[in-house]
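Have a look at query10.pdb below; it lists PDB, C-alpha atoms, pLDDT in the B column.
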ATOM      1  CA  MET A   1    -112.333-164.218 167.735  1.00 68.00           C
ATOM      2  CA  ASN A   2    -108.926-162.557 167.354  1.00 85.00           C
ATOM      3  CA  ASP A   3    -108.761-163.649 163.695  1.00 95.00           C
ATOM      4  CA  HIS A   4    -112.140-162.034 163.018  1.00 96.00           C
ATOM      5  CA  LEU A   5    -111.009-158.772 164.595  1.00 97.00           C
ATOM      6  CA  TRP A   6    -107.764-158.859 162.619  1.00 97.00           C
ATOM      7  CA  PHE A   7    -109.620-159.366 159.333  1.00 98.00           C
ATOM      8  CA  MET A   8    -111.988-156.516 160.231  1.00 98.00           C
ATOM      9  CA  ASP A   9    -108.920-154.365 160.895  1.00 98.00           C
ATOM     10  CA  GLU A  10    -107.776-155.212 157.364  1.00 98.00           C
ATOM     11  CA  ALA A  11    -111.177-154.080 156.054  1.00 98.00           C
ATOM     12  CA  LEU A  12    -110.750-150.858 158.040  1.00 98.00           C
ATOM     13  CA  ILE A  13    -107.431-150.265 156.272  1.00 98.00           C
ATOM     14  CA  GLU A  14    -109.329-150.477 152.978  1.00 98.00           C
ATOM     15  CA  ALA A  15    -112.002-148.113 154.311  1.00 98.00           C
ATOM     16  CA  ASP A  16    -109.264-145.636 155.201  1.00 98.00           C
ATOM     17  CA  LYS A  17    -108.001-145.813 151.606  1.00 98.00           C
ATOM     18  CA  ALA A  18    -111.506-144.915 150.407  1.00 98.00           C
ATOM     19  CA  TYR A  19    -111.619-142.036 152.900  1.00 97.00           C
ATOM     20  CA  ARG A  20    -108.341-140.657 151.535  1.00 97.00           C
ATOM     21  CA  GLU A  21    -109.729-140.918 147.971  1.00 97.00           C
ATOM     22  CA  ASP A  22    -112.873-138.981 148.983  1.00 95.00           C
ATOM     23  CA  GLU A  23    -115.016-142.102 148.614  1.00 97.00           C
ATOM     24  CA  VAL A  24    -117.478-143.256 151.263  1.00 97.00           C
ATOM     25  CA  PRO A  25    -115.119-145.133 153.623  1.00 98.00           C
ATOM     26  CA  ILE A  26    -116.213-148.711 153.270  1.00 98.00           C
ATOM     27  CA  GLY A  27    -113.715-151.543 152.991  1.00 98.00           C
ATOM     28  CA  ALA A  28    -114.040-155.277 152.431  1.00 98.00           C
ATOM     29  CA  VAL A  29    -111.779-158.312 152.494  1.00 98.00           C
ATOM     30  CA  ILE A  30    -112.598-161.848 151.424  1.00 98.00           C
ATOM     31  CA  VAL A  31    -110.820-164.687 153.187  1.00 98.00           C
ATOM     32  CA  ASP A  32    -110.639-168.377 152.221  1.00 97.00           C
ATOM     33  CA  SER A  33    -111.031-171.273 154.665  1.00 96.00           C
ATOM     34  CA  ASP A  34    -107.271-171.287 155.345  1.00 96.00           C
ATOM     35  CA  GLY A  35    -107.332-167.642 156.431  1.00 96.00           C
ATOM     36  CA  VAL A  36    -105.706-166.351 153.245  1.00 97.00           C
ATOM     37  CA  ILE A  37    -106.992-162.981 152.067  1.00 98.00           C
ATOM     38  CA  LEU A  38    -108.168-163.406 148.473  1.00 98.00           C
ATOM     39  CA  SER A  39    -109.194-159.802 147.883  1.00 98.00           C
ATOM     40  CA  ARG A  40    -109.074-156.357 149.455  1.00 98.00           C
ATOM     41  CA  GLN A  41    -111.264-153.592 148.114  1.00 98.00           C
ATOM     42  CA  HIS A  42    -112.881-150.300 149.013  1.00 98.00           C
ATOM     43  CA  ASN A  43    -115.602-148.175 147.485  1.00 97.00           C
ATOM     44  CA  HIS A  44    -114.957-146.741 144.011  1.00 96.00           C
ATOM     45  CA  LYS A  45    -118.370-145.297 143.158  1.00 95.00           C
ATOM     46  CA  GLU A  46    -117.287-141.680 142.782  1.00 94.00           C
ATOM     47  CA  LYS A  47    -113.955-142.246 141.065  1.00 93.00           C
ATOM     48  CA  ALA A  48    -115.323-144.819 138.607  1.00 95.00           C
ATOM     49  CA  HIS A  49    -118.738-143.129 138.180  1.00 96.00           C
ATOM     50  CA  ASN A  50    -120.210-146.561 138.843  1.00 96.00           C
ATOM     51  CA  PRO A  51    -123.203-147.145 141.126  1.00 96.00           C
ATOM     52  CA  CYS A  52    -122.073-150.768 141.497  1.00 97.00           C
ATOM     53  CA  GLY A  53    -118.610-149.738 142.728  1.00 97.00           C
ATOM     54  CA  HIS A  54    -119.301-150.964 146.250  1.00 98.00           C
ATOM     55  CA  ALA A  55    -116.453-152.545 148.209  1.00 98.00           C
ATOM     56  CA  GLU A  56    -118.304-155.862 148.513  1.00 98.00           C
ATOM     57  CA  VAL A  57    -119.022-156.189 144.764  1.00 98.00           C
ATOM     58  CA  LEU A  58    -115.446-155.274 143.877  1.00 98.00           C
ATOM     59  CA  ALA A  59    -114.062-157.729 146.449  1.00 98.00           C
ATOM     60  CA  ILE A  60    -116.297-160.523 145.131  1.00 98.00           C
ATOM     61  CA  THR A  61    -115.162-159.845 141.563  1.00 98.00           C
ATOM     62  CA  GLU A  62    -111.482-159.835 142.516  1.00 98.00           C
ATOM     63  CA  ALA A  63    -111.731-163.002 144.652  1.00 98.00           C
ATOM     64  CA  CYS A  64    -113.600-164.888 141.917  1.00 98.00           C
ATOM     65  CA  LYS A  65    -110.948-163.970 139.355  1.00 98.00           C
ATOM     66  CA  LYS A  66    -108.213-165.086 141.725  1.00 98.00           C
ATOM     67  CA  ILE A  67    -109.714-168.540 142.342  1.00 98.00           C
ATOM     68  CA  LYS A  68    -111.081-168.803 138.780  1.00 98.00           C
ATOM     69  CA  ASN A  69    -114.567-169.645 140.004  1.00 98.00           C
ATOM     70  CA  TRP A  70    -117.676-167.556 140.606  1.00 97.00           C
ATOM     71  CA  ARG A  71    -118.507-169.637 143.689  1.00 98.00           C
ATOM     72  CA  LEU A  72    -116.837-168.389 146.859  1.00 98.00           C
ATOM     73  CA  LEU A  73    -117.597-171.560 148.781  1.00 96.00           C
ATOM     74  CA  ASP A  74    -115.792-171.750 152.143  1.00 96.00           C
ATOM     75  CA  CYS A  75    -114.958-168.032 151.976  1.00 98.00           C
ATOM     76  CA  SER A  76    -115.943-165.260 154.358  1.00 98.00           C
ATOM     77  CA  ILE A  77    -116.289-161.545 153.766  1.00 98.00           C
ATOM     78  CA  TYR A  78    -115.452-158.833 156.285  1.00 98.00           C
ATOM     79  CA  VAL A  79    -116.963-155.451 155.478  1.00 98.00           C
ATOM     80  CA  THR A  80    -116.956-152.276 157.545  1.00 98.00           C
ATOM     81  CA  LEU A  81    -120.627-151.432 156.946  1.00 98.00           C
ATOM     82  CA  GLU A  82    -123.727-153.583 156.823  1.00 98.00           C
ATOM     83  CA  PRO A  83    -124.327-154.442 153.144  1.00 98.00           C
ATOM     84  CA  CYS A  84    -127.037-152.773 151.102  1.00 97.00           C
ATOM     85  CA  PRO A  85    -129.644-154.962 149.350  1.00 97.00           C
ATOM     86  CA  MET A  86    -127.574-155.055 146.132  1.00 97.00           C
ATOM     87  CA  CYS A  87    -124.447-156.235 147.931  1.00 98.00           C
ATOM     88  CA  LEU A  88    -126.339-158.770 150.018  1.00 97.00           C
ATOM     89  CA  SER A  89    -127.775-160.199 146.784  1.00 96.00           C
ATOM     90  CA  ALA A  90    -124.291-160.372 145.280  1.00 97.00           C
ATOM     91  CA  LEU A  91    -123.092-162.276 148.346  1.00 97.00           C
ATOM     92  CA  ILE A  92    -125.903-164.785 147.911  1.00 96.00           C
ATOM     93  CA  GLN A  93    -125.081-165.183 144.219  1.00 96.00           C
ATOM     94  CA  SER A  94    -121.378-165.713 144.992  1.00 97.00           C
ATOM     95  CA  ARG A  95    -122.204-168.466 147.512  1.00 97.00           C
ATOM     96  CA  ILE A  96    -120.219-166.754 150.280  1.00 97.00           C
ATOM     97  CA  SER A  97    -120.032-168.859 153.457  1.00 97.00           C
ATOM     98  CA  HIS A  98    -120.161-166.144 156.128  1.00 97.00           C
ATOM     99  CA  LEU A  99    -120.696-162.385 156.325  1.00 98.00           C
ATOM    100  CA  TYR A 100    -119.032-160.341 159.069  1.00 98.00           C
ATOM    101  CA  PHE A 101    -119.690-156.608 159.196  1.00 98.00           C
ATOM    102  CA  GLY A 102    -118.808-153.693 161.429  1.00 98.00           C
ATOM    103  CA  ALA A 103    -121.287-150.818 161.609  1.00 98.00           C
ATOM    104  CA  TYR A 104    -125.036-151.198 161.260  1.00 97.00           C
ATOM    105  CA  ASP A 105    -126.725-149.059 158.597  1.00 96.00           C
ATOM    106  CA  THR A 106    -130.267-148.247 159.700  1.00 94.00           C
ATOM    107  CA  LYS A 107    -130.931-146.135 156.581  1.00 94.00           C
ATOM    108  CA  GLY A 108    -129.600-148.394 153.827  1.00 95.00           C
ATOM    109  CA  GLY A 109    -128.497-151.713 155.291  1.00 96.00           C
ATOM    110  CA  ALA A 110    -130.394-154.719 153.992  1.00 96.00           C
ATOM    111  CA  LEU A 111    -130.632-156.399 157.406  1.00 94.00           C
ATOM    112  CA  SER A 112    -131.612-153.242 159.272  1.00 94.00           C
ATOM    113  CA  LEU A 113    -134.335-152.706 156.672  1.00 94.00           C
ATOM    114  CA  ASN A 114    -135.486-156.312 157.207  1.00 93.00           C
ATOM    115  CA  TYR A 115    -134.438-157.540 153.780  1.00 92.00           C
ATOM    116  CA  ASN A 116    -133.284-160.821 155.283  1.00 87.00           C
ATOM    117  CA  PHE A 117    -133.176-162.747 152.012  1.00 86.00           C
ATOM    118  CA  TYR A 118    -129.760-164.157 152.959  1.00 86.00           C
ATOM    119  CA  LYS A 119    -131.689-166.659 155.059  1.00 86.00           C
ATOM    120  CA  ASP A 120    -134.687-167.128 152.750  1.00 84.00           C
ATOM    121  CA  GLN A 121    -135.122-170.882 152.284  1.00 83.00           C
ATOM    122  CA  LYS A 122    -136.732-170.313 148.864  1.00 85.00           C
ATOM    123  CA  LEU A 123    -133.351-169.184 147.529  1.00 87.00           C
ATOM    124  CA  ASN A 124    -130.621-171.674 146.722  1.00 85.00           C
ATOM    125  CA  HIS A 125    -128.057-170.355 149.221  1.00 91.00           C
ATOM    126  CA  SER A 126    -128.002-169.025 152.759  1.00 92.00           C
ATOM    127  CA  PHE A 127    -125.229-168.134 155.192  1.00 95.00           C
ATOM    128  CA  PRO A 128    -124.717-166.893 158.746  1.00 95.00           C
ATOM    129  CA  VAL A 129    -124.196-163.207 159.492  1.00 97.00           C
ATOM    130  CA  THR A 130    -122.274-161.634 162.352  1.00 97.00           C
ATOM    131  CA  GLY A 131    -122.618-157.886 162.829  1.00 97.00           C
ATOM    132  CA  GLY A 132    -121.015-155.331 165.082  1.00 97.00           C
ATOM    133  CA  LEU A 133    -117.340-156.334 164.740  1.00 97.00           C
ATOM    134  CA  ARG A 134    -115.277-153.206 165.429  1.00 97.00           C
ATOM    135  CA  HIS A 135    -118.591-151.325 165.348  1.00 96.00           C
ATOM    136  CA  PHE A 136    -117.205-148.228 167.083  1.00 97.00           C
ATOM    137  CA  GLU A 137    -114.209-147.870 164.773  1.00 97.00           C
ATOM    138  CA  CYS A 138    -116.257-148.465 161.633  1.00 97.00           C
ATOM    139  CA  SER A 139    -119.013-146.075 162.711  1.00 96.00           C
ATOM    140  CA  ARG A 140    -116.558-143.383 163.764  1.00 97.00           C
ATOM    141  CA  MET A 141    -114.841-143.332 160.371  1.00 97.00           C
ATOM    142  CA  LEU A 142    -118.158-143.041 158.530  1.00 96.00           C
ATOM    143  CA  SER A 143    -119.399-140.333 160.918  1.00 96.00           C
ATOM    144  CA  MET A 144    -116.226-138.288 160.485  1.00 95.00           C
ATOM    145  CA  PHE A 145    -116.436-138.580 156.698  1.00 95.00           C
ATOM    146  CA  PHE A 146    -120.038-137.375 156.504  1.00 93.00           C
ATOM    147  CA  LYS A 147    -119.474-134.645 159.116  1.00 93.00           C
ATOM    148  CA  GLU A 148    -116.679-133.270 156.905  1.00 92.00           C
ATOM    149  CA  LYS A 149    -118.927-133.526 153.845  1.00 87.00           C
ATOM    150  CA  ARG A 150    -121.751-131.625 155.575  1.00 87.00           C
ATOM    151  CA  ALA A 151    -119.305-128.882 156.653  1.00 85.00           C
ATOM    152  CA  THR A 152    -118.104-128.529 153.059  1.00 76.00           C
ATOM    153  CA  TYR A 153    -121.655-128.383 151.667  1.00 68.00           C
ATOM    154  CA  SER A 154    -122.773-125.778 154.211  1.00 62.00           C
ATOM    155  CA  LYS A 155    -120.134-123.342 152.899  1.00 60.00           C
ATOM    156  CA  PHE A 156    -121.911-123.066 149.546  1.00 53.00           C
TER     157      PHE A 156
END
Could I get this structure in the form of structure tokens?
Amino acid sequence: MNDHLWFMDEALIEADKAYREDEVPIGAVIVDSDGVILSRQHNHKEKAHNPCGHAEVLAITEACKKIKNWRLLDCSIYVTLEPCPMCLSALIQSRISHLYFGAYDTKGGALSLNYNFYKDQKLNHSFPVTGGLRHFECSRMLSMFFKEKRATYSKF
């Protein structure tokens, strides 16, 4: 369990980078079966003007380039927020082996919205999911970010 918490801490470092760049503070790391981090990414939607600039998608892209294969077999992803439907689909397509996430997202998270296609037997890939790792820390960072945003917007 300590390894999982350490990898989530690494994802939190990425989320903090996003926070400092005025991006929604979500971070992701992808780890191979030997515990080597293949990619570290955070959200880049605002900066890149790209709706697909989610930490998970960027981490998948970077990891695939590193291993020179689009299949992330025997790899796990650690992400600070429950993935949205787009990111969950990308994880299925990449053949990720395990998803670990921090905070639950009741408004936009695929699992919270009951889009449980990561375990749909009609698809060609499924994987286990573990949620709630470092939930408090992940949630707190997101809450602080949006509280600051609301304070800024209320001044106008």
Size and centre in Å, one decimal, axis-aligned box, all listed segment 45-64 of chain A atoms plus 6 Å per side, as lines of an AutoDock Vina configuration file:
center_x = -117.3
center_y = -153.3
center_z = 143.3
size_x = 23.7
size_y = 35.2
size_z = 22.3
(request) Work out how far apart atom CA of Thr80 of chain A and atom CA of Tyr100 of chain A are and give it in Å to one decimal. (result) 8.5 Å
(message) Counting only C-alpha atoms, which residue out of A:Glu56, A:Asp74, A:Glu14, A:Asp120 sits closest to Cys87 of chain A?
(response) A:Glu56
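With distances taken over all atoms listed in the file, A:Glu82 is the one residue among A:Glu82, A:Cys75, A:His44, A:Val36 lying closest to Tyr115 of chain A.
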(message) If the PyMOL selection byres ((chain A and resi 116) around 12) were run on this exact file, what residues would it hold? Put them as a PyMOL selection string.
(response) chain A and resi 83-85+88-89+92+109-115+117-123+126-129
Expected residue set, 10 Å radius at (-113.2, -163.1, 146.0), only C-alpha atoms, as a short mmCIF file (atom, residue, chain, number, x, y, z; two decimals) with C-alpha atoms, in the coordinates of the input:
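Contents of the output file result22.cif:
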data_model
loop_
_atom_site.label_atom_id
_atom_site.label_comp_id
_atom_site.auth_asym_id
_atom_site.auth_seq_id
_atom_site.Cartn_x
_atom_site.Cartn_y
_atom_site.Cartn_z
CA VAL A 29 -111.78 -158.31 152.49
CA ILE A 30 -112.60 -161.85 151.42
CA VAL A 31 -110.82 -164.69 153.19
CA ASP A 32 -110.64 -168.38 152.22
CA ILE A 37 -106.99 -162.98 152.07
CA LEU A 38 -108.17 -163.41 148.47
CA SER A 39 -109.19 -159.80 147.88
CA ARG A 40 -109.07 -156.36 149.46
CA GLN A 41 -111.26 -153.59 148.11
CA GLU A 56 -118.30 -155.86 148.51
CA VAL A 57 -119.02 -156.19 144.76
CA LEU A 58 -115.45 -155.27 143.88
CA ALA A 59 -114.06 -157.73 146.45
CA ILE A 60 -116.30 -160.52 145.13
CA THR A 61 -115.16 -159.84 141.56
CA GLU A 62 -111.48 -159.84 142.52
CA ALA A 63 -111.73 -163.00 144.65
CA CYS A 64 -113.60 -164.89 141.92
CA LYS A 65 -110.95 -163.97 139.35
CA LYS A 66 -108.21 -165.09 141.72
CA ILE A 67 -109.71 -168.54 142.34
CA LYS A 68 -111.08 -168.80 138.78
CA ASN A 69 -114.57 -169.64 140.00
CA TRP A 70 -117.68 -167.56 140.61
CA ARG A 71 -118.51 -169.64 143.69
CA LEU A 72 -116.84 -168.39 146.86
CA LEU A 73 -117.60 -171.56 148.78
CA CYS A 75 -114.96 -168.03 151.98
CA SER A 76 -115.94 -165.26 154.36
CA ILE A 77 -116.29 -161.54 153.77
CA SER A 94 -121.38 -165.71 144.99
CA ILE A 96 -120.22 -166.75 150.28
#
